[in-house]
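Asker: Got a structure here, written out as structure tokens. Questions coming.
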Amino acid sequence: MNFGFNEEQELLRDQVRRFLDTNCPLSKVREIMKEPEGFSRQLWQQMGELGWLGLVIPPDYGGVGLSWVDLTVILEETGRSLYPSPFISHSIAASTLAETATDSQQKRWLTDLASGDSIASLAILDDDGPPNADNITLVGTGNGKSFMLNGEKRLVPDAGLADLFIVAFREGTSNGKIALAVVERDQQGVSVTGTGTMDQTKRTGSVKLDNVTADETSLLHCDSDTIVRLLDKGVVAVTAEIIGAAEAALDMTTNYAKERIQFDSPIGRYQSVKHRLAEIYLDIESFKSLLYYAAWTVDESPGELSRSASLAKAYASQAFAQIGIDSVHLHGAIGYTAEYDIQLYLKRSKWARPMYGDTDYHYERVATLGEL
């Protein structure tokens, strides 16, 4: 059995890397992240033209219809470049619509998502608690076919950029059945506030719902496994970006260790530096293999997705946080300055650590799934 990427996937990786190296090097990332939106619509449209925004959308609706392993290839490269965009939330939302929407709903939304004319995000959790169904508390009042939504969804990724949101709520009471509905930004009663994070390449925000109607035309199929699967895809996507970012931080630090002269010798010759760089490499290769398996299970073995995704995220969250710290330390005092790029990767590690659950949450989840 071949556990590596195939030729087409490697060609996709080369294409994405060339595109980002040419159009969005770190100097351009710094420019974009300081813009009010923190986002380049021109680059987004180009990604749509290349088919990346519709990678997991069926061909019938303008997409490419590839797998989550293929999507992982792109996510690694966007993570490596610290590319500022709503690509993660957009891809998860598009994938969820492809699995849960009716044919008419898919025709209504997926074509524009695949082309980049519309951007989608997720308004699932209601607070900064654990990333699971217990943290869905918004109540929709109605008769089972139409609901009225009143409340606020916080910590919505890329809220300020999205044109539509997949909103999770409870039917009737706080203990009611979980439902999903697509809410469009321009619907009456919807107001969106975008905010930044420590990592200026990532944005979040809140979506306030004031008597917003969710009827049969916007309700999605949702059962007990739908929310779990949706959140697990988020775990996989964030961890895939961690791989690229961690590898970039390692490359940057290794190159610096070869160039920085101390006591008439490159600091990379000292064992204390070499050992830590080797440990970083080992950590990356370890959570990389865990993530690749988790990405494979999304399409090929859904029953294994939750456990494999949690194993990958638990390891990656902790390791990447330390990689960010150590990379800055190995740069010395200049690593802490805004002029040097390595601090951008430390900030990315601070964003990635809690997204869709931190290390403690996922190790506890693995233990629960293993019935320990």
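The chains in the structure tokens are called A, B, ... from first to last as shown; in each chain the residues are counted from 1, and the ligands are counted from 1 in the order shown.
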Find the spatial neighbours of segment 67-82 of chain A, counting only C-alpha atoms, within a cut-off of 6 Å - ignore same-chain residues fewer than 4 positions away - and output them as a list in words.
Answerer: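 Residues meeting the cut-off are Arg13, Ala240, Glu241, Ile243, Gly244, Ala245, Ala248, Ala295 and Trp296 of chain A.
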Asker: Might you pull out every residue within 10 Å of Asn175 of chain A, with only C-alpha atoms counted and same-chain residues fewer than 4 positions away left off, and present them as a PyMOL selection string?
Answerer: chain A and resi 134+136-137+139+170-171
Asker: Those same residues, written as an mmCIF file, in the first residue's frame with N, CA and C atoms?
Answerer:
```cif
data_model
loop_
_atom_site.group_PDB
_atom_site.id
_atom_site.type_symbol
_atom_site.label_atom_id
_atom_site.label_comp_id
_atom_site.auth_asym_id
_atom_site.auth_seq_id
_atom_site.Cartn_x
_atom_site.Cartn_y
_atom_site.Cartn_z
ATOM 1 N N ASP A 134 -22.562 20.366 23.375
ATOM 2 C CA ASP A 134 -22.994 20.989 24.635
ATOM 3 C C ASP A 134 -22.865 22.502 24.598
ATOM 4 N N ILE A 136 -23.782 24.408 22.165
ATOM 5 C CA ILE A 136 -24.795 24.972 21.262
ATOM 6 C C ILE A 136 -26.039 25.253 22.096
ATOM 7 N N THR A 137 -26.297 26.514 22.353
ATOM 8 C CA THR A 137 -27.383 26.891 23.257
ATOM 9 C C THR A 137 -28.417 27.816 22.624
ATOM 10 N N VAL A 139 -31.523 29.025 20.860
ATOM 11 C CA VAL A 139 -32.823 28.362 20.718
ATOM 12 C C VAL A 139 -33.593 28.987 19.564
ATOM 13 N N ARG A 170 -30.889 25.049 18.749
ATOM 14 C CA ARG A 170 -31.741 24.025 19.358
ATOM 15 C C ARG A 170 -33.201 24.303 19.012
ATOM 16 N N GLU A 171 -33.917 23.253 18.696
ATOM 17 C CA GLU A 171 -35.323 23.409 18.341
ATOM 18 C C GLU A 171 -36.192 23.516 19.589
#
```
Asker: Fewer than 4 positions away in the same chain doesn't count, so skip those; otherwise give me all residues within 10 Å of Ser95 of chain A, counting only C-alpha atoms, as an MDAnalysis selection string.
Answerer: chainID A and resid 54:58 65 68 89:91 99:100 110 230 233
Asker: So that I can see what lies close to Val366 of chain A, please list as a list in words the residues with an atom at most 7 Å from it, counting only C-alpha atoms and leaving out residues fewer than 5 positions away in the same chain.
Answerer: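 Once the adjacent positions are removed, what remains is Arg307, Ser310 and Leu311 of chain A.
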Asker: Go ahead and save the picked residues with N, CA and C atoms, as a CSV table (one decimal), in the first residue's frame.
Answerer:
```csv
chain,number,residue,atom,x,y,z
A,307,ARG,N,-11.6,10.0,16.6
A,307,ARG,CA,-10.4,9.6,17.4
A,307,ARG,C,-9.2,10.0,16.7
A,310,SER,N,-8.7,13.9,16.8
A,310,SER,CA,-8.3,14.3,18.2
A,310,SER,C,-6.8,14.0,18.5
A,311,LEU,N,-6.4,12.8,18.1
A,311,LEU,CA,-5.0,12.4,18.3
A,311,LEU,C,-4.0,13.4,17.6
```
Asker: Taking only C-alpha atoms into account, name the residue in A:Gly332, A:Ile124, A:Val235, A:Arg276 that is nearest to Ala294 of chain A.
Answerer: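 Among A:Gly332, A:Ile124, A:Val235, A:Arg276, it is A:Val235 that comes nearest to Ala294 of chain A.
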Asker: Figure out the distance between atom CA of Asp326 of chain A and atom CA of Ile284 of chain A, please, to one decimal in Å.
Answerer: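 About the pair atom CA of Ile284 of chain A and atom CA of Asp326 of chain A: they are 13.7 Å apart.
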Asker: Quick one: residues within 9 Å of Asn143 of chain A, only C-alpha atoms, excluding same-chain residues fewer than 2 positions away - as a count of residues only?
Answerer: 6
Asker: Taking the DSSP secondary structure from the backbone, can you list the residues of segment 183-336 of chain A that are strand (DSSP E), as a PDB file with N, CA and C atoms, in the first residue's frame?
Answerer:
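Heads up, here's the output in selection-v5.pdb:
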```pdb
ATOM      1  N   VAL A 183     -27.940  31.032   7.097  1.00  0.00           N
ATOM      2  CA  VAL A 183     -28.389  32.410   7.287  1.00  0.00           C
ATOM      3  C   VAL A 183     -27.510  33.311   6.431  1.00  0.00           C
ATOM      4  N   GLU A 184     -28.137  34.094   5.583  1.00  0.00           N
ATOM      5  CA  GLU A 184     -27.376  34.986   4.715  1.00  0.00           C
ATOM      6  C   GLU A 184     -27.159  36.328   5.387  1.00  0.00           C
ATOM      7  N   VAL A 190     -30.045  40.364  10.680  1.00  0.00           N
ATOM      8  CA  VAL A 190     -28.672  39.861  10.847  1.00  0.00           C
ATOM      9  C   VAL A 190     -27.707  41.043  10.907  1.00  0.00           C
ATOM     10  N   SER A 191     -26.881  41.059  11.940  1.00  0.00           N
ATOM     11  CA  SER A 191     -25.820  42.064  12.028  1.00  0.00           C
ATOM     12  C   SER A 191     -24.518  41.370  12.407  1.00  0.00           C
ATOM     13  N   VAL A 192     -23.457  41.779  11.746  1.00  0.00           N
ATOM     14  CA  VAL A 192     -22.161  41.107  11.881  1.00  0.00           C
ATOM     15  C   VAL A 192     -21.119  42.094  12.357  1.00  0.00           C
ATOM     16  N   THR A 193     -20.308  41.660  13.316  1.00  0.00           N
ATOM     17  CA  THR A 193     -19.190  42.462  13.807  1.00  0.00           C
ATOM     18  C   THR A 193     -17.916  41.651  13.676  1.00  0.00           C
ATOM     19  N   GLY A 194     -16.957  42.172  12.933  1.00  0.00           N
ATOM     20  CA  GLY A 194     -15.681  41.486  12.766  1.00  0.00           C
ATOM     21  C   GLY A 194     -14.637  42.011  13.722  1.00  0.00           C
ATOM     22  N   THR A 195     -13.788  41.131  14.214  1.00  0.00           N
ATOM     23  CA  THR A 195     -12.709  41.524  15.123  1.00  0.00           C
ATOM     24  C   THR A 195     -11.439  40.774  14.744  1.00  0.00           C
ATOM     25  N   GLY A 196     -10.316  41.264  15.238  1.00  0.00           N
ATOM     26  CA  GLY A 196      -9.040  40.616  14.995  1.00  0.00           C
ATOM     27  C   GLY A 196      -8.661  39.687  16.134  1.00  0.00           C
ATOM     28  N   ARG A 203      -9.013  36.250  11.462  1.00  0.00           N
ATOM     29  CA  ARG A 203     -10.047  37.136  11.976  1.00  0.00           C
ATOM     30  C   ARG A 203     -11.196  36.315  12.559  1.00  0.00           C
ATOM     31  N   THR A 204     -11.916  36.937  13.451  1.00  0.00           N
ATOM     32  CA  THR A 204     -13.094  36.308  14.035  1.00  0.00           C
ATOM     33  C   THR A 204     -14.178  37.371  14.145  1.00  0.00           C
ATOM     34  N   GLY A 205     -15.213  37.112  14.915  1.00  0.00           N
ATOM     35  CA  GLY A 205     -16.272  38.100  15.056  1.00  0.00           C
ATOM     36  C   GLY A 205     -17.525  37.486  15.653  1.00  0.00           C
ATOM     37  N   SER A 206     -18.606  38.223  15.598  1.00  0.00           N
ATOM     38  CA  SER A 206     -19.879  37.756  16.147  1.00  0.00           C
ATOM     39  C   SER A 206     -20.998  38.022  15.145  1.00  0.00           C
ATOM     40  N   VAL A 207     -22.031  37.193  15.235  1.00  0.00           N
ATOM     41  CA  VAL A 207     -23.208  37.330  14.382  1.00  0.00           C
ATOM     42  C   VAL A 207     -24.425  37.449  15.295  1.00  0.00           C
ATOM     43  N   LYS A 208     -25.091  38.580  15.245  1.00  0.00           N
ATOM     44  CA  LYS A 208     -26.277  38.816  16.061  1.00  0.00           C
ATOM     45  C   LYS A 208     -27.527  38.555  15.231  1.00  0.00           C
ATOM     46  N   LEU A 209     -28.443  37.788  15.808  1.00  0.00           N
ATOM     47  CA  LEU A 209     -29.671  37.398  15.113  1.00  0.00           C
ATOM     48  C   LEU A 209     -30.874  37.985  15.853  1.00  0.00           C
ATOM     49  N   ASP A 210     -31.621  38.806  15.179  1.00  0.00           N
ATOM     50  CA  ASP A 210     -32.778  39.470  15.783  1.00  0.00           C
ATOM     51  C   ASP A 210     -34.013  39.138  14.948  1.00  0.00           C
ATOM     52  N   ASN A 211     -34.795  38.168  15.425  1.00  0.00           N
ATOM     53  CA  ASN A 211     -35.983  37.694  14.711  1.00  0.00           C
ATOM     54  C   ASN A 211     -35.642  37.275  13.275  1.00  0.00           C
ATOM     55  N   VAL A 212     -34.632  36.459  13.156  1.00  0.00           N
ATOM     56  CA  VAL A 212     -34.204  35.954  11.850  1.00  0.00           C
ATOM     57  C   VAL A 212     -34.935  34.642  11.564  1.00  0.00           C
ATOM     58  N   THR A 213     -35.528  34.537  10.395  1.00  0.00           N
ATOM     59  CA  THR A 213     -36.321  33.366  10.029  1.00  0.00           C
ATOM     60  C   THR A 213     -35.445  32.297   9.377  1.00  0.00           C
ATOM     61  N   ALA A 214     -35.609  31.058   9.857  1.00  0.00           N
ATOM     62  CA  ALA A 214     -34.982  29.891   9.227  1.00  0.00           C
ATOM     63  C   ALA A 214     -36.116  28.945   8.841  1.00  0.00           C
ATOM     64  N   LEU A 219     -33.152  25.334   5.995  1.00  0.00           N
ATOM     65  CA  LEU A 219     -32.790  24.292   6.965  1.00  0.00           C
ATOM     66  C   LEU A 219     -32.047  23.158   6.272  1.00  0.00           C
ATOM     67  N   LEU A 220     -30.996  22.665   6.914  1.00  0.00           N
ATOM     68  CA  LEU A 220     -30.185  21.577   6.392  1.00  0.00           C
ATOM     69  C   LEU A 220     -30.483  20.282   7.135  1.00  0.00           C
ATOM     70  N   ILE A 261      26.442  34.109  13.409  1.00  0.00           N
ATOM     71  CA  ILE A 261      27.779  33.800  13.907  1.00  0.00           C
ATOM     72  C   ILE A 261      27.907  34.246  15.352  1.00  0.00           C
ATOM     73  N   GLN A 262      28.354  33.328  16.195  1.00  0.00           N
ATOM     74  CA  GLN A 262      28.609  33.640  17.600  1.00  0.00           C
ATOM     75  C   GLN A 262      29.887  32.905  18.007  1.00  0.00           C
ATOM     76  N   SER A 265      31.620  31.206  15.072  1.00  0.00           N
ATOM     77  CA  SER A 265      31.071  29.975  14.522  1.00  0.00           C
ATOM     78  C   SER A 265      29.567  30.114  14.363  1.00  0.00           C
ATOM     79  N   PRO A 266      28.982  29.524  13.306  1.00  0.00           N
ATOM     80  CA  PRO A 266      27.516  29.533  13.191  1.00  0.00           C
ATOM     81  C   PRO A 266      26.894  28.833  14.399  1.00  0.00           C
TER      82      PRO A 266
END
```
Asker: Quick one: which segment 255-338 of chain A residues come within 7 Å of segment 346-365 of chain A, and what is the nearest atom pair for each with the distance in Å to one decimal, counting only C-alpha atoms, rows ordered by chain and ascending number, as JSON lines?
Answerer:
```
{"residue": "A:Ser310", "atom": "CA", "partner": "A:His362", "partner_atom": "CA", "distance": 5.0}
{"residue": "A:Leu311", "atom": "CA", "partner": "A:His362", "partner_atom": "CA", "distance": 6.9}
{"residue": "A:Lys313", "atom": "CA", "partner": "A:Thr359", "partner_atom": "CA", "distance": 6.9}
{"residue": "A:Ala314", "atom": "CA", "partner": "A:Thr359", "partner_atom": "CA", "distance": 4.1}
{"residue": "A:Tyr315", "atom": "CA", "partner": "A:Thr359", "partner_atom": "CA", "distance": 6.8}
{"residue": "A:Ser317", "atom": "CA", "partner": "A:Arg353", "partner_atom": "CA", "distance": 4.8}
{"residue": "A:Gln318", "atom": "CA", "partner": "A:Thr359", "partner_atom": "CA", "distance": 6.0}
{"residue": "A:Phe320", "atom": "CA", "partner": "A:Ser349", "partner_atom": "CA", "distance": 5.8}
{"residue": "A:Ala321", "atom": "CA", "partner": "A:Ser349", "partner_atom": "CA", "distance": 5.1}
{"residue": "A:Gly324", "atom": "CA", "partner": "A:Leu346", "partner_atom": "CA", "distance": 4.1}
{"residue": "A:Ile325", "atom": "CA", "partner": "A:Leu346", "partner_atom": "CA", "distance": 6.3}
```
